[in-house]
Amino acid sequence: MRIVEVRHPLVRHKLGLLRDAATAPSLFRQVVGEIATLLAYEATADLELADAQIDTWAGPLQVGRCDQSRITLVPILRAGLGFLPGVQVLLPNAPVSVIGLRRDETTLQPHAYYQRFVRDIAGRTAILIDPMLATGGSAIAAIDALKAAGVARIKAIFLVSAPEGLRALEARHPDTEVYTAAIDERLNDHGYILPGLGDAGDRVFGTPEG
Ligand code: PRP
Ligand code: URA
């Protein structure tokens, strides 16, 4: 499985702001968005361009155009919504498909509660968006659903990834291309990433933990 850990100094600086437990939801959301843009920039480095002919002041010119109709952005609800606007800075016209998954904090198994994919999703490149890859269960369930719907290629963007989640994802979907700002140390006994960010959904939405 291709795994790109983006260790750009600005990404590491911004991640440090997110790891600070004192960072309020407003700044947390802003910085999550900024990192999402930087990760999306890396994740789209090999997108194919279509040739287009334009007229310039100096005459006709062939330019490259990104065909966003071949892409779909797929945030995993809820926390993925906090990540979405930062990706849309670069791909503002890519249609959005959503999948709602909630991890049962006892069994650590994801439970699907909502799914709405763009109608013609088959053959598209899906860019899966979630701040956290912990056990990997949620990402695997989302990719199972995307492949069942006929998606051709999957790129996944995570703020923070646990080694356990990367191993699980590689075992089930080795063709996934992963872009992450950090591969952290490990999961704790409750399936939370160490050092991680805590509960990303609660921090994005300002809801009390638990
Ligand atoms: C978090 C996170 C991932 C998932 C990661 O969501 O945003 O989707 O946990 O854990 P996993 O890799 O072990 O599956 P959560 O289920 O807490 O839902 P929320 O986004 O609604 O808070
Ligand atoms: N979900 C989160 O939001 N954080 C973790 O560390 C693990 C799962």
# chains A, B, ... in the order shown; residues from 1 in each chain; ligands from 1
$ select_by_dssp --residues "segment 6-200 of chain A" --states "strand (DSSP E)" --output "ChimeraX atom specification"
/A:49-56,59-66,71-77,98-103,110-116,125-133,153-161,177-183,186-187,193-194
$ residues_near_ligand --ligand "ligand 2" --cutoff "7 Å" --atoms "only C-alpha atoms and all ligand atoms" --output "number ranges by chain"
A: 132-134, 191-194, 196-201
$ write_last_selection --atoms "N, CA and C atoms" --output "mmCIF file, in the first residue's frame"
data_model
loop_
_atom_site.group_PDB
_atom_site.id
_atom_site.type_symbol
_atom_site.label_atom_id
_atom_site.label_comp_id
_atom_site.auth_asym_id
_atom_site.auth_seq_id
_atom_site.Cartn_x
_atom_site.Cartn_y
_atom_site.Cartn_z
ATOM 1 N N MET A 132 -9.052 10.873 11.345
ATOM 2 C CA MET A 132 -8.385 9.853 12.155
ATOM 3 C C MET A 132 -8.475 8.464 11.530
ATOM 4 N N LEU A 133 -7.331 7.777 11.463
ATOM 5 C CA LEU A 133 -7.308 6.351 11.131
ATOM 6 C C LEU A 133 -6.790 5.658 12.394
ATOM 7 N N ALA A 134 -7.684 5.052 13.148
ATOM 8 C CA ALA A 134 -7.293 4.442 14.428
ATOM 9 C C ALA A 134 -7.168 2.925 14.248
ATOM 10 N N GLY A 191 -8.677 2.216 22.051
ATOM 11 C CA GLY A 191 -8.674 2.436 20.608
ATOM 12 C C GLY A 191 -8.413 3.869 20.202
ATOM 13 N N TYR A 192 -7.894 4.696 21.109
ATOM 14 C CA TYR A 192 -7.545 6.075 20.769
ATOM 15 C C TYR A 192 -6.066 6.174 20.409
ATOM 16 N N ILE A 193 -5.776 7.055 19.464
ATOM 17 C CA ILE A 193 -4.409 7.182 18.964
ATOM 18 C C ILE A 193 -3.562 7.962 19.963
ATOM 19 N N LEU A 194 -2.363 7.449 20.214
ATOM 20 C CA LEU A 194 -1.386 8.132 21.070
ATOM 21 C C LEU A 194 -0.209 8.596 20.222
ATOM 22 N N GLY A 196 -1.915 11.337 19.182
ATOM 23 C CA GLY A 196 -3.191 11.661 18.540
ATOM 24 C C GLY A 196 -3.683 13.074 18.794
ATOM 25 N N LEU A 197 -4.992 13.216 18.749
ATOM 26 C CA LEU A 197 -5.638 14.526 18.934
ATOM 27 C C LEU A 197 -6.769 14.441 19.943
ATOM 28 N N GLY A 198 -7.020 13.254 20.485
ATOM 29 C CA GLY A 198 -8.237 13.044 21.259
ATOM 30 C C GLY A 198 -9.357 12.691 20.294
ATOM 31 N N ASP A 199 -10.587 13.004 20.683
ATOM 32 C CA ASP A 199 -11.732 12.690 19.818
ATOM 33 C C ASP A 199 -11.901 13.812 18.797
ATOM 34 N N ALA A 200 -11.549 13.517 17.558
ATOM 35 C CA ALA A 200 -11.534 14.557 16.514
ATOM 36 C C ALA A 200 -12.928 15.130 16.284
ATOM 37 N N GLY A 201 -13.942 14.266 16.255
ATOM 38 C CA GLY A 201 -15.311 14.747 16.030
ATOM 39 C C GLY A 201 -15.736 15.719 17.114
#
$ closest_atom_pairs --of "chain A" --to "ligand 1" --cutoff "9 Å" --atoms "only C-alpha atoms and all ligand atoms" --output "Markdown table"
| residue | atom | partner | partner_atom_place_in_ligand_line | distance |
| --- | --- | --- | --- | --- |
| A:Ile76 | CA | ligand 1 | 8 (O) | 6.0 |
| A:Leu77 | CA | ligand 1 | 20 (O) | 5.4 |
| A:Arg78 | CA | ligand 1 | 20 (O) | 3.7 |
| A:Ala79 | CA | ligand 1 | 20 (O) | 3.8 |
| A:Gly80 | CA | ligand 1 | 7 (O) | 6.2 |
| A:Leu81 | CA | ligand 1 | 20 (O) | 8.4 |
| A:Gly100 | CA | ligand 1 | 21 (O) | 7.7 |
| A:Leu101 | CA | ligand 1 | 16 (O) | 6.0 |
| A:Arg102 | CA | ligand 1 | 16 (O) | 3.7 |
| A:Arg103 | CA | ligand 1 | 16 (O) | 3.6 |
| A:Asp104 | CA | ligand 1 | 16 (O) | 7.0 |
| A:Glu105 | CA | ligand 1 | 16 (O) | 7.9 |
| A:Leu108 | CA | ligand 1 | 13 (O) | 6.0 |
| A:Gln109 | CA | ligand 1 | 14 (O) | 6.7 |
| A:Pro110 | CA | ligand 1 | 14 (O) | 5.8 |
| A:His111 | CA | ligand 1 | 16 (O) | 8.2 |
| A:Asp130 | CA | ligand 1 | 7 (O) | 5.5 |
| A:Pro131 | CA | ligand 1 | 7 (O) | 5.6 |
| A:Met132 | CA | ligand 1 | 2 (C) | 4.7 |
| A:Leu133 | CA | ligand 1 | 12 (O) | 4.2 |
| A:Ala134 | CA | ligand 1 | 12 (O) | 3.5 |
| A:Thr135 | CA | ligand 1 | 13 (O) | 3.6 |
| A:Gly136 | CA | ligand 1 | 12 (O) | 3.5 |
| A:Gly137 | CA | ligand 1 | 14 (O) | 4.0 |
| A:Ser138 | CA | ligand 1 | 14 (O) | 3.7 |
| A:Ala139 | CA | ligand 1 | 12 (O) | 6.3 |
| A:Ile140 | CA | ligand 1 | 14 (O) | 8.0 |
| A:Ala141 | CA | ligand 1 | 14 (O) | 8.5 |
| A:Ser161 | CA | ligand 1 | 12 (O) | 8.4 |
| A:Ala162 | CA | ligand 1 | 12 (O) | 8.3 |
| A:Glu164 | CA | ligand 1 | 12 (O) | 8.9 |
| A:Gly165 | CA | ligand 1 | 12 (O) | 6.1 |
| A:Gly191 | CA | ligand 1 | 13 (O) | 6.2 |
| A:Tyr192 | CA | ligand 1 | 13 (O) | 7.6 |
| A:Ile193 | CA | ligand 1 | 10 (O) | 8.9 |
| A:Asp199 | CA | ligand 1 | 17 (O) | 6.4 |
| A:Ala200 | CA | ligand 1 | 7 (O) | 5.9 |
| A:Gly201 | CA | ligand 1 | 22 (O) | 3.7 |
| A:Asp202 | CA | ligand 1 | 22 (O) | 5.9 |
| A:Arg203 | CA | ligand 1 | 22 (O) | 8.7 |
| A:Val204 | CA | ligand 1 | 22 (O) | 8.7 |
| A:Phe205 | CA | ligand 1 | 22 (O) | 8.6 |
$ residues_around --residues "Val32 of chain A" --least-positions-apart "5" --cutoff "9 Å" --atoms "only C-alpha atoms" --output "VMD selection string"
chain A and resid 14 to 15 18 27 37 82 to 83 86 131 159 204
$ write_last_selection --atoms "C-alpha atoms" --output "PDB file, in the first residue's frame"
ATOM      1  CA  LYS A  14       0.007  23.091  12.380  1.00  0.00           C
ATOM      2  CA  LEU A  15      -0.313  19.563  13.730  1.00  0.00           C
ATOM      3  CA  LEU A  18      -4.014  20.660  16.964  1.00  0.00           C
ATOM      4  CA  LEU A  27      -8.900  27.439  15.834  1.00  0.00           C
ATOM      5  CA  THR A  37      -5.491  21.645   1.875  1.00  0.00           C
ATOM      6  CA  GLY A  82     -14.376  19.341   9.332  1.00  0.00           C
ATOM      7  CA  PHE A  83     -11.781  18.203   6.826  1.00  0.00           C
ATOM      8  CA  GLY A  86      -9.905  22.378   3.139  1.00  0.00           C
ATOM      9  CA  PRO A 131      -9.092  13.125  10.346  1.00  0.00           C
ATOM     10  CA  LEU A 159      -4.672  13.841   9.591  1.00  0.00           C
ATOM     11  CA  VAL A 204     -14.333  19.789  15.451  1.00  0.00           C
TER      12      VAL A 204
END
$ atom_distance --atom1 "atom CA of Val89 of chain A" --atom2 "atom CA of Ile54 of chain A"
24.2 Å
$ closest_residue --among "A:Gln53, A:Gln88, A:Thr72, A:Thr23" --to "Phe117 of chain A" --atoms "only C-alpha atoms"
A:Thr72
$ atom_distance --atom1 "atom CA of Glu177 of chain A" --atom2 "atom CA of Val87 of chain A"
16.1 Å
$ closest_residue --among "A:Ala24, A:Leu146, A:Leu38, A:Cys66" --to "Phe158 of chain A" --atoms "only C-alpha atoms"
A:Leu38
$ atom_distance --atom1 "atom CA of Ile99 of chain A" --atom2 "atom CA of Ser26 of chain A"
24.2 Å
$ closest_residue --among "A:Leu128, A:Ala181, A:Val151, A:Val118" --to "His13 of chain A" --atoms "only C-alpha atoms"
A:Ala181
$ closest_residue --among "A:Glu5, A:Asp20, A:Asp120, A:Asp46" --to "Ala182 of chain A" --atoms "only C-alpha atoms"
A:Glu5
$ residues_around --residues "Leu39 of chain A" --least-positions-apart "3" --cutoff "9 Å" --atoms "only C-alpha atoms" --output "list in words"
Val6, Val11, Glu34, Ile35, Ala36, Glu42, Ala43, Thr44, Val87, Ile157, Phe158, Leu159, Tyr179, Thr180 and Ala181 of chain A
$ write_last_selection --atoms "N, CA, C and O atoms" --output "short mmCIF file (atom, residue, chain, number, x, y, z; two decimals), in the first residue's frame"
data_model
loop_
_atom_site.label_atom_id
_atom_site.label_comp_id
_atom_site.auth_asym_id
_atom_site.auth_seq_id
_atom_site.Cartn_x
_atom_site.Cartn_y
_atom_site.Cartn_z
N VAL A 6 3.24 13.20 5.04
CA VAL A 6 3.65 14.54 4.59
C VAL A 6 4.32 15.25 5.77
O VAL A 6 3.66 15.70 6.69
N VAL A 11 3.14 21.63 7.92
CA VAL A 11 2.18 20.61 8.37
C VAL A 11 2.51 20.21 9.81
O VAL A 11 1.62 20.11 10.67
N GLU A 34 -6.60 23.93 7.09
CA GLU A 34 -5.33 24.28 6.44
C GLU A 34 -4.51 23.02 6.15
O GLU A 34 -3.92 22.88 5.06
N ILE A 35 -4.48 22.10 7.09
CA ILE A 35 -3.72 20.86 6.86
C ILE A 35 -4.41 20.04 5.76
O ILE A 35 -3.73 19.43 4.92
N ALA A 36 -5.74 20.04 5.76
CA ALA A 36 -6.46 19.30 4.72
C ALA A 36 -6.04 19.79 3.34
O ALA A 36 -5.84 18.99 2.41
N GLU A 42 -0.82 17.22 -1.93
CA GLU A 42 0.04 16.05 -2.15
C GLU A 42 -0.76 14.93 -2.82
O GLU A 42 -0.26 14.26 -3.73
N ALA A 43 -1.98 14.73 -2.35
CA ALA A 43 -2.77 13.60 -2.84
C ALA A 43 -3.18 13.75 -4.29
O ALA A 43 -3.49 12.77 -4.96
N THR A 44 -3.17 14.99 -4.79
CA THR A 44 -3.61 15.23 -6.17
C THR A 44 -2.42 15.44 -7.12
O THR A 44 -2.61 15.82 -8.27
N VAL A 87 -10.19 20.53 1.60
CA VAL A 87 -9.96 19.80 0.34
C VAL A 87 -10.68 20.52 -0.80
O VAL A 87 -10.16 20.63 -1.92
N ILE A 157 -7.17 10.46 2.75
CA ILE A 157 -6.45 11.52 3.45
C ILE A 157 -6.81 11.45 4.93
O ILE A 157 -7.99 11.56 5.28
N PHE A 158 -5.81 11.25 5.77
CA PHE A 158 -6.03 11.23 7.22
C PHE A 158 -5.08 12.23 7.86
O PHE A 158 -3.90 12.27 7.49
N LEU A 159 -5.57 12.96 8.84
CA LEU A 159 -4.67 13.84 9.59
C LEU A 159 -3.65 13.00 10.34
O LEU A 159 -2.45 13.18 10.21
N TYR A 179 -2.51 9.32 2.32
CA TYR A 179 -1.76 10.55 2.58
C TYR A 179 -2.09 10.98 4.00
O TYR A 179 -3.27 11.13 4.35
N THR A 180 -1.08 11.17 4.82
CA THR A 180 -1.34 11.49 6.22
C THR A 180 -0.30 12.48 6.73
O THR A 180 0.84 12.49 6.25
N ALA A 181 -0.72 13.29 7.71
CA ALA A 181 0.22 14.27 8.27
C ALA A 181 1.11 13.63 9.33
O ALA A 181 2.16 14.19 9.66
#
$ select_by_dssp --residues "chain A" --states "helix (DSSP H, G or I)" --output "ChimeraX atom specification"
/A:9-19,25-43,68-70,80-88,137-148,163-172,200-205
$ residues_around --residues "Lys147 of chain A" --least-positions-apart "2" --cutoff "12 Å" --atoms "only C-alpha atoms" --output "MDAnalysis selection string"
chainID A and resid 117 121:126 140:145 149:154 172:173 175:176
$ write_last_selection --atoms "N, CA, C and O atoms" --output "compact mmCIF listing (two decimals), in the first residue's frame"
# COMPACT_ATOMS: atom_id res chain seq x y z
N PHE A 117 -24.05 8.43 -2.06
CA PHE A 117 -22.97 8.61 -3.03
C PHE A 117 -23.52 9.31 -4.27
O PHE A 117 -24.69 9.16 -4.60
N ILE A 121 -21.11 7.19 -9.56
CA ILE A 121 -19.83 7.06 -8.84
C ILE A 121 -18.90 6.03 -9.50
O ILE A 121 -17.68 6.11 -9.37
N ALA A 122 -19.48 5.05 -10.20
CA ALA A 122 -18.67 3.97 -10.78
C ALA A 122 -17.61 4.57 -11.72
O ALA A 122 -17.91 5.43 -12.55
N GLY A 123 -16.38 4.11 -11.54
CA GLY A 123 -15.28 4.55 -12.40
C GLY A 123 -14.58 5.80 -11.92
O GLY A 123 -13.55 6.19 -12.47
N ARG A 124 -15.14 6.46 -10.91
CA ARG A 124 -14.49 7.69 -10.42
C ARG A 124 -13.31 7.38 -9.51
O ARG A 124 -13.19 6.28 -8.96
N THR A 125 -12.47 8.40 -9.29
CA THR A 125 -11.47 8.37 -8.23
C THR A 125 -12.12 8.96 -6.99
O THR A 125 -12.63 10.08 -7.03
N ALA A 126 -12.12 8.20 -5.89
CA ALA A 126 -12.69 8.70 -4.64
C ALA A 126 -11.55 9.20 -3.75
O ALA A 126 -10.53 8.53 -3.61
N ILE A 140 -12.00 1.09 6.44
CA ILE A 140 -12.22 -0.16 5.69
C ILE A 140 -13.69 -0.29 5.30
O ILE A 140 -14.02 -0.63 4.15
N ALA A 141 -14.59 0.02 6.23
CA ALA A 141 -16.03 -0.06 5.92
C ALA A 141 -16.39 0.91 4.81
O ALA A 141 -17.17 0.58 3.90
N ALA A 142 -15.82 2.12 4.85
CA ALA A 142 -16.11 3.11 3.81
C ALA A 142 -15.59 2.62 2.45
O ALA A 142 -16.27 2.75 1.43
N ILE A 143 -14.39 2.06 2.45
CA ILE A 143 -13.81 1.61 1.18
C ILE A 143 -14.55 0.37 0.66
O ILE A 143 -14.76 0.23 -0.55
N ASP A 144 -15.00 -0.51 1.57
CA ASP A 144 -15.85 -1.63 1.14
C ASP A 144 -17.05 -1.08 0.36
O ASP A 144 -17.38 -1.59 -0.73
N ALA A 145 -17.69 -0.05 0.91
CA ALA A 145 -18.90 0.50 0.28
C ALA A 145 -18.56 1.18 -1.04
O ALA A 145 -19.30 1.06 -2.03
N ALA A 149 -19.71 0.06 -4.88
CA ALA A 149 -20.40 0.99 -5.79
C ALA A 149 -19.62 1.19 -7.09
O ALA A 149 -20.07 1.94 -7.96
N GLY A 150 -18.45 0.57 -7.22
CA GLY A 150 -17.73 0.60 -8.48
C GLY A 150 -16.65 1.65 -8.63
O GLY A 150 -16.18 1.92 -9.74
N VAL A 151 -16.24 2.25 -7.50
CA VAL A 151 -15.18 3.26 -7.57
C VAL A 151 -13.90 2.64 -8.14
O VAL A 151 -13.56 1.50 -7.83
N ALA A 152 -13.19 3.39 -9.00
CA ALA A 152 -12.03 2.84 -9.71
C ALA A 152 -10.75 2.96 -8.90
O ALA A 152 -9.86 2.09 -8.98
N ARG A 153 -10.62 4.04 -8.14
CA ARG A 153 -9.36 4.31 -7.47
C ARG A 153 -9.66 5.04 -6.17
O ARG A 153 -10.56 5.89 -6.14
N ILE A 154 -8.91 4.71 -5.13
CA ILE A 154 -9.18 5.34 -3.83
C ILE A 154 -7.92 5.94 -3.26
O ILE A 154 -6.90 5.26 -3.07
N ARG A 172 -6.60 -5.32 4.04
CA ARG A 172 -7.90 -5.44 3.38
C ARG A 172 -7.95 -4.74 2.02
O ARG A 172 -8.53 -5.26 1.07
N HIS A 173 -7.32 -3.58 1.94
CA HIS A 173 -7.39 -2.79 0.70
C HIS A 173 -6.00 -2.27 0.34
O HIS A 173 -5.72 -1.06 0.43
N ASP A 175 -4.64 -1.64 -2.33
CA ASP A 175 -4.58 -0.71 -3.46
C ASP A 175 -4.94 0.73 -3.07
O ASP A 175 -4.91 1.63 -3.91
N THR A 176 -5.24 0.97 -1.79
CA THR A 176 -5.54 2.33 -1.34
C THR A 176 -4.25 3.15 -1.29
O THR A 176 -3.19 2.63 -0.94
